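A.B. asks: One file: upload_32.cif (mmCIF, C-alpha atoms).
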data_protein
#
loop_
_atom_site.group_PDB
_atom_site.id
_atom_site.type_symbol
_atom_site.label_atom_id
_atom_site.label_comp_id
_atom_site.auth_asym_id
_atom_site.auth_seq_id
_atom_site.Cartn_x
_atom_site.Cartn_y
_atom_site.Cartn_z
ATOM 1 C CA MET B 1431 -12.471 6.135 -7.397
ATOM 2 C CA LYS B 1432 -10.502 8.420 -9.741
ATOM 3 C CA PHE B 1433 -9.247 6.560 -12.796
ATOM 4 C CA LYS B 1434 -6.687 9.110 -14.053
ATOM 5 C CA ASN B 1435 -4.048 7.811 -11.673
ATOM 6 C CA VAL B 1436 -4.849 4.091 -12.084
ATOM 7 C CA GLU B 1437 -2.318 1.755 -13.688
ATOM 8 C CA ASP B 1438 -4.251 -1.467 -13.039
ATOM 9 C CA ILE B 1439 -7.016 -3.041 -10.949
ATOM 10 C CA TYR B 1440 -6.861 -6.586 -9.588
ATOM 11 C CA PRO B 1441 -9.116 -8.786 -7.474
ATOM 12 C CA LEU B 1442 -7.785 -9.703 -4.040
ATOM 13 C CA SER B 1443 -6.086 -13.048 -3.595
ATOM 14 C CA SER B 1444 -7.630 -15.487 -1.108
ATOM 15 C CA LEU B 1445 -5.031 -14.530 1.488
ATOM 16 C CA GLN B 1446 -5.623 -10.809 0.952
ATOM 17 C CA GLN B 1447 -9.376 -11.340 1.331
ATOM 18 C CA LEU B 1448 -8.773 -13.153 4.608
ATOM 19 C CA MET B 1449 -6.471 -10.401 5.863
ATOM 20 C CA LEU B 1450 -9.045 -7.737 4.955
ATOM 21 C CA LEU B 1451 -11.831 -9.667 6.658
ATOM 22 C CA ARG B 1452 -9.703 -10.065 9.774
ATOM 23 C CA TYR B 1453 -8.868 -6.347 9.759
ATOM 24 C CA LEU B 1454 -12.501 -5.297 9.314
ATOM 25 C CA SER B 1455 -13.714 -7.597 12.074
ATOM 26 C CA SER B 1456 -11.002 -6.591 14.553
ATOM 27 C CA LYS B 1457 -11.249 -3.877 17.157
ATOM 28 C CA LYS B 1458 -10.313 -0.471 15.794
ATOM 29 C CA GLU B 1459 -7.483 -0.054 18.321
ATOM 30 C CA GLU B 1460 -5.801 -3.216 17.034
ATOM 31 C CA LYS B 1461 -2.981 -2.475 14.626
ATOM 32 C CA HIS B 1462 -1.509 -4.957 12.173
ATOM 33 C CA PHE B 1463 1.830 -3.779 10.869
ATOM 34 C CA GLU B 1464 5.499 -4.555 10.978
ATOM 35 C CA GLN B 1465 7.943 -1.833 11.880
ATOM 36 C CA LEU B 1466 11.683 -1.687 11.368
ATOM 37 C CA LYS B 1467 14.034 0.819 12.921
ATOM 38 C CA PHE B 1468 17.470 1.752 11.629
ATOM 39 C CA THR B 1469 20.186 4.012 12.934
ATOM 40 C CA ILE B 1470 22.096 5.861 10.233
ATOM 41 C CA GLN B 1471 25.601 6.926 11.119
ATOM 42 C CA GLY B 1472 27.353 9.735 9.306
ATOM 43 C CA SER B 1473 25.879 12.378 7.064
ATOM 44 C CA LEU B 1474 22.703 11.802 5.127
ATOM 45 C CA SER B 1475 21.431 13.581 2.061
ATOM 46 C CA SER B 1476 17.692 13.921 2.645
ATOM 47 C CA ASN B 1477 17.282 14.883 -1.028
ATOM 48 C CA GLY B 1478 19.194 11.778 -2.105
ATOM 49 C CA LEU B 1479 17.130 9.583 0.230
ATOM 50 C CA ARG B 1480 13.901 11.059 -1.162
ATOM 51 C CA LYS B 1481 15.030 10.425 -4.762
ATOM 52 C CA ALA B 1482 16.062 6.854 -3.944
ATOM 53 C CA TRP B 1483 12.750 6.111 -2.216
ATOM 54 C CA ASP B 1484 10.797 7.678 -5.115
ATOM 55 C CA TYR B 1485 12.709 5.380 -7.500
ATOM 56 C CA VAL B 1486 11.890 2.298 -5.416
ATOM 57 C CA ILE B 1487 8.189 3.233 -5.270
ATOM 58 C CA GLN B 1488 8.047 3.823 -9.020
ATOM 59 C CA ARG B 1489 9.801 0.523 -9.738
ATOM 60 C CA HIS B 1490 7.624 -1.693 -7.497
ATOM 61 C CA ALA B 1491 3.869 -1.654 -8.139
ATOM 62 C CA SER B 1492 3.094 -3.247 -4.771
ATOM 63 C CA LEU B 1493 4.280 -0.033 -3.070
ATOM 64 C CA ARG B 1494 1.760 1.964 -5.137
ATOM 65 C CA THR B 1495 -1.158 -0.370 -4.404
ATOM 66 C CA VAL B 1496 -4.209 0.564 -2.348
ATOM 67 C CA PHE B 1497 -7.234 -1.513 -1.407
ATOM 68 C CA TYR B 1498 -10.880 -0.550 -1.882
ATOM 69 C CA TRP B 1499 -13.821 -2.436 -0.428
ATOM 70 C CA GLN B 1500 -16.426 0.074 0.645
ATOM 71 C CA ASN B 1501 -19.471 0.320 -1.639
ATOM 72 C CA LEU B 1502 -18.123 -2.433 -3.911
ATOM 73 C CA SER B 1503 -19.549 -5.913 -4.484
ATOM 74 C CA LYS B 1504 -16.023 -7.349 -4.187
ATOM 75 C CA PRO B 1505 -12.867 -5.736 -2.803
ATOM 76 C CA VAL B 1506 -10.125 -4.797 -5.270
ATOM 77 C CA GLN B 1507 -6.529 -3.672 -5.222
ATOM 78 C CA VAL B 1508 -5.727 -0.635 -7.318
ATOM 79 C CA VAL B 1509 -2.213 0.093 -8.553
ATOM 80 C CA ARG B 1510 -1.651 3.822 -8.854
ATOM 81 C CA ARG B 1511 0.571 5.294 -11.564
ATOM 82 C CA LYS B 1512 2.016 7.781 -9.061
ATOM 83 C CA VAL B 1513 1.840 8.079 -5.294
#
What do you get writing this file as structure tokens?
C.D. replies:
Amino acid sequence: MKFKNVEDIYPLSSLQQLMLLRYLSSKKEEKHFEQLKFTIQGSLSSNGLRKAWDYVIQRHASLRTVFYWQNLSKPVQVVRRKV
């Protein structure tokens, strides 16, 4: 784990531990995600969309959080400074 890009490290909550356990014990072809689809009408500035999304990611730590469990005694969630 590289620590240069780490803002914080937290233990998993009980619910997160359960979700991780369920994921690890499930078949690899099973996917657990929620997907939303939107249709945008009119013109779209891809540069503007990228800047807006970058702002949202920087503002909300949960969108910069990754989970580590391999080779650790307990799983942790790591908040990155930058994605």
A.B. asks: Residues within 8 Å of Asn1435 of chain B, please, as a ChimeraX atom specification. Count only C-alpha atoms; anything in the same chain fewer than 5 positions from it doesn't count.
C.D. replies: /B:1510-1512
A.B. asks: Residues picked by the PyMOL selection byres ((chain B and resi 1450) around 12) here, as a PDB file with C-alpha atoms, keeping the file's coordinate frame?
C.D. replies:
ATOM      1  CA  LEU B1442      -7.785  -9.703  -4.040  1.00  0.00           C
ATOM      2  CA  SER B1443      -6.086 -13.048  -3.595  1.00  0.00           C
ATOM      3  CA  SER B1444      -7.630 -15.487  -1.108  1.00  0.00           C
ATOM      4  CA  LEU B1445      -5.031 -14.530   1.488  1.00  0.00           C
ATOM      5  CA  GLN B1446      -5.623 -10.809   0.952  1.00  0.00           C
ATOM      6  CA  GLN B1447      -9.376 -11.340   1.331  1.00  0.00           C
ATOM      7  CA  LEU B1448      -8.773 -13.153   4.608  1.00  0.00           C
ATOM      8  CA  MET B1449      -6.471 -10.401   5.863  1.00  0.00           C
ATOM      9  CA  LEU B1451     -11.831  -9.667   6.658  1.00  0.00           C
ATOM     10  CA  ARG B1452      -9.703 -10.065   9.774  1.00  0.00           C
ATOM     11  CA  TYR B1453      -8.868  -6.347   9.759  1.00  0.00           C
ATOM     12  CA  LEU B1454     -12.501  -5.297   9.314  1.00  0.00           C
ATOM     13  CA  SER B1455     -13.714  -7.597  12.074  1.00  0.00           C
ATOM     14  CA  SER B1456     -11.002  -6.591  14.553  1.00  0.00           C
ATOM     15  CA  HIS B1462      -1.509  -4.957  12.173  1.00  0.00           C
ATOM     16  CA  PHE B1497      -7.234  -1.513  -1.407  1.00  0.00           C
ATOM     17  CA  TYR B1498     -10.880  -0.550  -1.882  1.00  0.00           C
ATOM     18  CA  TRP B1499     -13.821  -2.436  -0.428  1.00  0.00           C
ATOM     19  CA  GLN B1500     -16.426   0.074   0.645  1.00  0.00           C
ATOM     20  CA  LYS B1504     -16.023  -7.349  -4.187  1.00  0.00           C
ATOM     21  CA  PRO B1505     -12.867  -5.736  -2.803  1.00  0.00           C
ATOM     22  CA  VAL B1506     -10.125  -4.797  -5.270  1.00  0.00           C
ATOM     23  CA  GLN B1507      -6.529  -3.672  -5.222  1.00  0.00           C
TER      24      GLN B1507
END
A.B. asks: Rounded to one decimal place, report the atom CA of Val1436 of chain B-atom CA of Trp1483 of chain B distance in Å.
C.D. replies: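 A separation of 20.3 Å between them.
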A.B. asks: Report the distance between atom CA of Pro1441 of chain B and atom CA of Leu1493 of chain B in Å, rounded to one decimal place.
C.D. replies: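 Rounded to one decimal, the two atoms are 16.6 Å apart.
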A.B. asks: Find the distance between atom CA of Val1508 of chain B and atom CA of Val1496 of chain B and write it in Å to one decimal.
C.D. replies: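 These two atoms are separated by 5.3 Å.
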A.B. asks: Of the candidates B:Phe1463, B:Ile1470, B:Val1513, B:Ile1439, which shows the shortest atom-to-atom distance to Val1486 of chain B, using all atoms listed in the file?
C.D. replies: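 For Val1486 of chain B, the nearest of the given residues is B:Val1513.
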A.B. asks: Given 5 Å of margin on each side, can you work out the centre and size in Å (one decimal) of an axis-aligned box holding every listed atom of segment 1492-1503 of chain B, as AutoDock Vina command-line options?
C.D. replies:
--center_x -7.6 --center_y -2.0 --center_z -2.2 --size_x 33.8 --size_y 17.9 --size_z 15.8
